[in-house]
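Visitor: Data file final37.pdb (PDB, C-alpha atoms and all ligand atoms) is appended below.
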ATOM      1  CA  MET A  46       8.001 -59.893 141.286  1.00  0.00           C
ATOM      2  CA  ASN A  47       5.672 -58.260 143.730  1.00  0.00           C
ATOM      3  CA  LEU A  48       3.954 -55.121 142.514  1.00  0.00           C
ATOM      4  CA  ASP A  49       2.031 -54.694 145.733  1.00  0.00           C
ATOM      5  CA  ASP A  50       4.644 -53.287 148.046  1.00  0.00           C
ATOM      6  CA  GLY A  51       7.454 -50.946 147.068  1.00  0.00           C
ATOM      7  CA  PRO A  52       7.093 -47.240 146.374  1.00  0.00           C
ATOM      8  CA  VAL A  53       4.103 -45.628 144.727  1.00  0.00           C
ATOM      9  CA  ASP A  54       4.085 -46.317 141.008  1.00  0.00           C
ATOM     10  CA  PRO A  55       5.647 -43.245 139.319  1.00  0.00           C
ATOM     11  CA  PHE A  56       3.563 -44.018 136.239  1.00  0.00           C
ATOM     12  CA  LEU A  57       0.294 -43.945 138.181  1.00  0.00           C
ATOM     13  CA  GLY A  58      -2.396 -42.628 135.857  1.00  0.00           C
ATOM     14  CA  ASP A  59       0.033 -42.506 132.928  1.00  0.00           C
ATOM     15  CA  PRO A  60      -1.515 -44.333 129.947  1.00  0.00           C
ATOM     16  CA  ASP A  61       1.982 -45.325 128.837  1.00  0.00           C
ATOM     17  CA  ASP A  62       2.620 -47.060 132.170  1.00  0.00           C
ATOM     18  CA  PRO A  63       4.955 -49.943 131.273  1.00  0.00           C
ATOM     19  CA  ALA A  64       3.554 -51.932 134.206  1.00  0.00           C
ATOM     20  CA  ALA A  65       0.240 -52.088 132.343  1.00  0.00           C
ATOM     21  CA  LEU A  66       1.896 -54.877 130.381  1.00  0.00           C
ATOM     22  CA  PHE A  67       1.532 -57.003 133.492  1.00  0.00           C
ATOM     23  CA  ASP A  68      -2.040 -57.914 134.205  1.00  0.00           C
ATOM     24  CA  ASP A  69      -1.974 -57.269 137.919  1.00  0.00           C
ATOM     25  CA  ASP A  70      -5.618 -58.199 138.375  1.00  0.00           C
ATOM     26  CA  GLU A  71      -5.242 -61.695 137.091  1.00  0.00           C
ATOM     27  CA  PRO A  72      -6.347 -64.046 139.862  1.00  0.00           C
ATOM     28  CA  PRO A  73      -3.801 -66.565 141.157  1.00  0.00           C
ATOM     29  CA  ALA A  74      -3.967 -70.006 139.639  1.00  0.00           C
ATOM     30  CA  PRO A  75      -6.623 -72.121 141.337  1.00  0.00           C
ATOM     31  CA  LEU A  76      -5.357 -74.585 143.902  1.00  0.00           C
ATOM     32  CA  SER A  77      -5.337 -78.279 143.283  1.00  0.00           C
ATOM     33  CA  ASP A  78      -7.498 -80.390 145.593  1.00  0.00           C
ATOM     34  CA  ASP A  79      -4.402 -81.376 147.564  1.00  0.00           C
ATOM     35  CA  GLU A  80      -3.283 -77.764 147.991  1.00  0.00           C
ATOM     36  CA  ARG A  81      -6.791 -76.798 149.056  1.00  0.00           C
ATOM     37  CA  ALA A  82      -6.801 -79.554 151.646  1.00  0.00           C
ATOM     38  CA  ASP A  83      -3.422 -78.325 152.940  1.00  0.00           C
ATOM     39  CA  VAL A  84      -4.684 -74.773 153.306  1.00  0.00           C
ATOM     40  CA  LEU A  85      -7.859 -75.932 155.035  1.00  0.00           C
ATOM     41  CA  ALA A  86      -5.739 -78.002 157.427  1.00  0.00           C
ATOM     42  CA  ASP A  87      -3.558 -74.951 158.103  1.00  0.00           C
ATOM     43  CA  LEU A  88      -6.650 -72.874 158.815  1.00  0.00           C
ATOM     44  CA  ALA A  89      -7.939 -75.467 161.273  1.00  0.00           C
ATOM     45  CA  GLU A  90      -4.512 -75.612 162.924  1.00  0.00           C
ATOM     46  CA  LEU A  91      -4.376 -71.837 163.115  1.00  0.00           C
ATOM     47  CA  GLU A  92      -7.728 -71.807 164.913  1.00  0.00           C
ATOM     48  CA  ALA A  93      -6.354 -74.300 167.425  1.00  0.00           C
ATOM     49  CA  PHE A  94      -3.221 -72.181 167.923  1.00  0.00           C
ATOM     50  CA  ARG A  95      -5.304 -69.102 168.522  1.00  0.00           C
ATOM     51  CA  ALA A  96      -7.568 -70.889 170.980  1.00  0.00           C
ATOM     52  CA  ALA A  97      -4.546 -72.158 172.925  1.00  0.00           C
ATOM     53  CA  LEU A  98      -2.263 -69.126 172.737  1.00  0.00           C
ATOM     54  CA  GLU A  99      -4.306 -65.951 172.520  1.00  0.00           C
ATOM     55  CA  SER A 100      -5.213 -66.051 176.207  1.00  0.00           C
ATOM     56  CA  HIS A 101      -1.467 -66.255 176.960  1.00  0.00           C
ATOM     57  CA  GLY A 102      -0.838 -62.933 175.270  1.00  0.00           C
ATOM     58  CA  VAL A 103       0.275 -64.268 171.914  1.00  0.00           C
ATOM     59  CA  HIS A 104      -0.947 -61.972 169.163  1.00  0.00           C
ATOM     60  CA  GLY A 105      -0.147 -64.082 166.141  1.00  0.00           C
ATOM     61  CA  ILE A 106       2.431 -65.905 164.065  1.00  0.00           C
ATOM     62  CA  VAL A 107       5.853 -64.765 162.909  1.00  0.00           C
ATOM     63  CA  VAL A 108       7.039 -66.098 159.553  1.00  0.00           C
ATOM     64  CA  ASP A 109      10.510 -66.073 158.026  1.00  0.00           C
ATOM     65  CA  CYS A 110       9.824 -64.712 154.576  1.00  0.00           C
ATOM     66  CA  GLY A 111      11.489 -66.576 151.729  1.00  0.00           C
ATOM     67  CA  ASP A 112      10.945 -63.609 149.419  1.00  0.00           C
ATOM     68  CA  CYS A 113      12.573 -60.740 151.259  1.00  0.00           C
ATOM     69  CA  GLY A 114      14.449 -62.553 154.053  1.00  0.00           C
ATOM     70  CA  ASP A 115      12.684 -60.504 156.714  1.00  0.00           C
ATOM     71  CA  GLN A 116      10.441 -61.761 159.448  1.00  0.00           C
ATOM     72  CA  HIS A 117       6.784 -60.926 158.996  1.00  0.00           C
ATOM     73  CA  TYR A 118       4.371 -60.664 161.887  1.00  0.00           C
ATOM     74  CA  PHE A 119       0.807 -61.768 161.288  1.00  0.00           C
ATOM     75  CA  GLY A 120      -1.972 -61.154 163.741  1.00  0.00           C
ATOM     76  CA  TRP A 121      -4.431 -64.038 164.002  1.00  0.00           C
ATOM     77  CA  ASP A 122      -6.966 -62.354 161.725  1.00  0.00           C
ATOM     78  CA  LEU A 123      -4.386 -61.369 159.120  1.00  0.00           C
ATOM     79  CA  MET A 124      -2.938 -64.891 159.078  1.00  0.00           C
ATOM     80  CA  ALA A 125      -6.388 -66.437 158.670  1.00  0.00           C
ATOM     81  CA  GLY A 126      -7.168 -63.884 155.962  1.00  0.00           C
ATOM     82  CA  ASN A 127      -4.005 -64.833 154.087  1.00  0.00           C
ATOM     83  CA  LEU A 128      -4.914 -68.503 154.201  1.00  0.00           C
ATOM     84  CA  ARG A 129      -8.466 -67.793 153.080  1.00  0.00           C
ATOM     85  CA  SER A 130      -7.174 -65.696 150.216  1.00  0.00           C
ATOM     86  CA  LEU A 131      -5.274 -68.766 149.018  1.00  0.00           C
ATOM     87  CA  LEU A 132      -8.671 -70.440 148.749  1.00  0.00           C
ATOM     88  CA  GLY A 133      -9.705 -67.748 146.304  1.00  0.00           C
ATOM     89  CA  GLU A 134     -11.317 -65.351 148.737  1.00  0.00           C
ATOM     90  CA  GLY A 135      -9.289 -62.263 147.920  1.00  0.00           C
ATOM     91  CA  ARG A 136      -5.544 -61.822 147.475  1.00  0.00           C
ATOM     92  CA  THR A 137      -2.646 -62.548 149.766  1.00  0.00           C
ATOM     93  CA  HIS A 138      -0.884 -59.681 151.516  1.00  0.00           C
ATOM     94  CA  VAL A 139       2.147 -61.614 152.540  1.00  0.00           C
ATOM     95  CA  HIS A 140       4.332 -58.582 153.067  1.00  0.00           C
ATOM     96  CA  GLU A 141       1.728 -56.556 154.896  1.00  0.00           C
ATOM     97  CA  PRO A 142       3.118 -56.028 158.388  1.00  0.00           C
ATOM     98  CA  ALA A 143       0.989 -56.119 161.491  1.00  0.00           C
ATOM     99  CA  PHE A 144       0.540 -52.685 163.003  1.00  0.00           C
ATOM    100  CA  SER A 145       3.515 -51.956 165.314  1.00  0.00           C
ATOM    101  CA  PRO A 146       4.046 -55.608 166.127  1.00  0.00           C
ATOM    102  CA  ASP A 147       5.546 -56.512 169.476  1.00  0.00           C
ATOM    103  CA  PRO A 148       8.029 -59.236 168.479  1.00  0.00           C
ATOM    104  CA  ASP A 149       7.667 -60.890 171.887  1.00  0.00           C
ATOM    105  CA  ALA A 150       3.956 -61.388 171.275  1.00  0.00           C
ATOM    106  CA  PHE A 151       4.432 -63.503 168.162  1.00  0.00           C
ATOM    107  CA  VAL A 152       5.509 -67.126 167.875  1.00  0.00           C
ATOM    108  CA  SER A 153       6.543 -69.266 164.926  1.00  0.00           C
ATOM    109  CA  TRP A 154       4.174 -71.840 163.455  1.00  0.00           C
ATOM    110  CA  ASP A 155       6.393 -74.646 164.798  1.00  0.00           C
ATOM    111  CA  TYR A 156       6.412 -73.144 168.273  1.00  0.00           C
ATOM    112  CA  ALA A 157       2.635 -72.825 168.225  1.00  0.00           C
ATOM    113  CA  ARG A 158       2.349 -76.442 167.082  1.00  0.00           C
ATOM    114  CA  GLY A 159       4.647 -77.625 169.860  1.00  0.00           C
ATOM    115  CA  TRP A 160       2.592 -75.685 172.385  1.00  0.00           C
ATOM    116  CA  THR A 161      -0.772 -77.031 171.257  1.00  0.00           C
ATOM    117  CA  ASP A 162       0.649 -80.576 171.066  1.00  0.00           C
ATOM    118  CA  ALA A 163       1.893 -80.257 174.638  1.00  0.00           C
ATOM    119  CA  VAL A 164      -1.446 -78.893 175.813  1.00  0.00           C
ATOM    120  CA  ALA A 165      -3.243 -81.775 174.103  1.00  0.00           C
ATOM    121  CA  ALA A 166      -0.866 -84.310 175.666  1.00  0.00           C
ATOM    122  CA  LEU A 167      -1.410 -82.834 179.120  1.00  0.00           C
ATOM    123  CA  ALA A 168      -5.168 -82.865 178.618  1.00  0.00           C
ATOM    124  CA  LYS A 169      -5.018 -86.574 177.783  1.00  0.00           C
ATOM    125  CA  ARG A 170      -3.152 -87.405 180.990  1.00  0.00           C
ATOM    126  CA  ARG A 171      -5.846 -85.879 183.170  1.00  0.00           C
TER     127      ARG A 171
HETATM  128 ZN    ZN B   1       8.627 -60.658 152.691  1.00  0.00          ZN
END
Go ahead and express the file in the form of C-alpha cells.
Ligand SMILES: [Zn+2]
Guide:
Amino acid sequence: MNLDDGPVDPFLGDPDDPAALFDDDEPPAPLSDDERADVLADLAELEAFRAALESHGVHGIVVDCGDCGDQHYFGWDLMAGNLRSLLGEGRTHVHEPAFSPDPDAFVSWDYARGWTDAVAALAKRR
C-alpha cells in the first residue's frame, strides 16, 4: 500500500483519521550488507550510464513498474536520489514522474548497460 500518491487524504487534519493507524513516518527497514552493496553498485553503474548517454540526449532511465504496471521515467538525478534513499538518505519516490518526460529521451536500464558495455568494448579495441 502506497500512501504517498493517490488523491489528497480526505481526513487531512481530522484527529479521527483512520490512516493515523499506519505509522507513515516509520523508516524503511535497514538494508543488509548485501543489499547495500547492490545499491552502491547500481549507483556506480548509473553514473557510468549518465556519463556515456547524457551527451547523446538521453535524459534518464525508464522503468517498468511492478506496482502499478505503468512505465516510470526517472531523470538521472531522480534515479540517483531514489537509489540513495534506499541507503537511508531520505525516502523513495518511486511513482514520482519526471516533469513532462519525453519518452524518446529515456532508455531502460538494460539498454543503458548494453550501450556502456559496447562503448567499453570499442574503447578496448583502440
Ligand atoms: Zn508505479
Visitor: All residues within 8 Å of ligand ZN 1 (chain B) are required, counting only C-alpha atoms and all ligand atoms; please report them as a ChimeraX atom specification.
Guide: /A:109-117,139-140
Visitor: Excluding Ser153 of chain A and its own-chain neighbours fewer than 6 positions away, which residues fall within 9 Å of it when counting all atoms listed in the file? Please give them as a PyMOL selection string.
Guide: chain A and resi 105-109
Visitor: Restricting the calculation to all atoms listed in the file, which member of A:Leu98, A:Arg129, A:Leu88, A:Asp78 is positioned closest to Tyr156 of chain A?
Guide: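 Using all atoms listed in the file, the shortest distance to Tyr156 of chain A belongs to A:Leu98.
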Visitor: Between A:Leu131, A:Glu90, A:Arg81, A:Ala150, which is the closest to Phe119 of chain A once you count only C-alpha atoms?
Guide: A:Ala150
Visitor: Measure the distance from atom CA of Glu80 of chain A to atom CA of Gly133 of chain A in Å and round it to one decimal.
Guide: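 Result for atom CA of Glu80 of chain A versus atom CA of Gly133 of chain A: 12.0 Å, one decimal.
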Visitor: Got a sec: who's within 12 Å of Ala89 of chain A, counting all atoms listed in the file, leaving out chain neighbours fewer than 6 positions off, as a PyMOL selection string?
Guide: chain A and resi 82-83+95-96+124-125+128-129+158
Visitor: Which residues, written as a list in words, have at least one atom at most 9 Å from Thr161 of chain A, with only C-alpha atoms counted and residues fewer than 4 positions away on the same chain left out?
Guide: Ala93, Phe94, Ala97, Leu98, Tyr156, Ala157, Ala165 and Ala166 of chain A
Visitor: Can you work out the spacing between atom CA of Ser130 of chain A and atom CA of Gly159 of chain A in Å, to one decimal?
Guide: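 Calculated distance between atom CA of Ser130 of chain A and atom CA of Gly159 of chain A is 25.8 Å.
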Visitor: Between atom CA of Val103 of chain A and atom CA of Val164 of chain A, what is the distance in Å, rounded to a tenth?
Guide: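 One can read the atom CA of Val103 of chain A to atom CA of Val164 of chain A distance as 15.2 Å.
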Visitor: When you count all atoms listed in the file, which of these residues is closest to Gly120 of chain A: A:Asp155, A:Asp162, A:Glu99, A:Asp87?
Guide: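 For Gly120 of chain A, the nearest of the given residues is A:Glu99.
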Visitor: Pick from A:His101, A:Phe151, A:Glu92, A:Lys169: nearest to Asp122 of chain A, with only C-alpha atoms counted?
Guide: A:Glu92
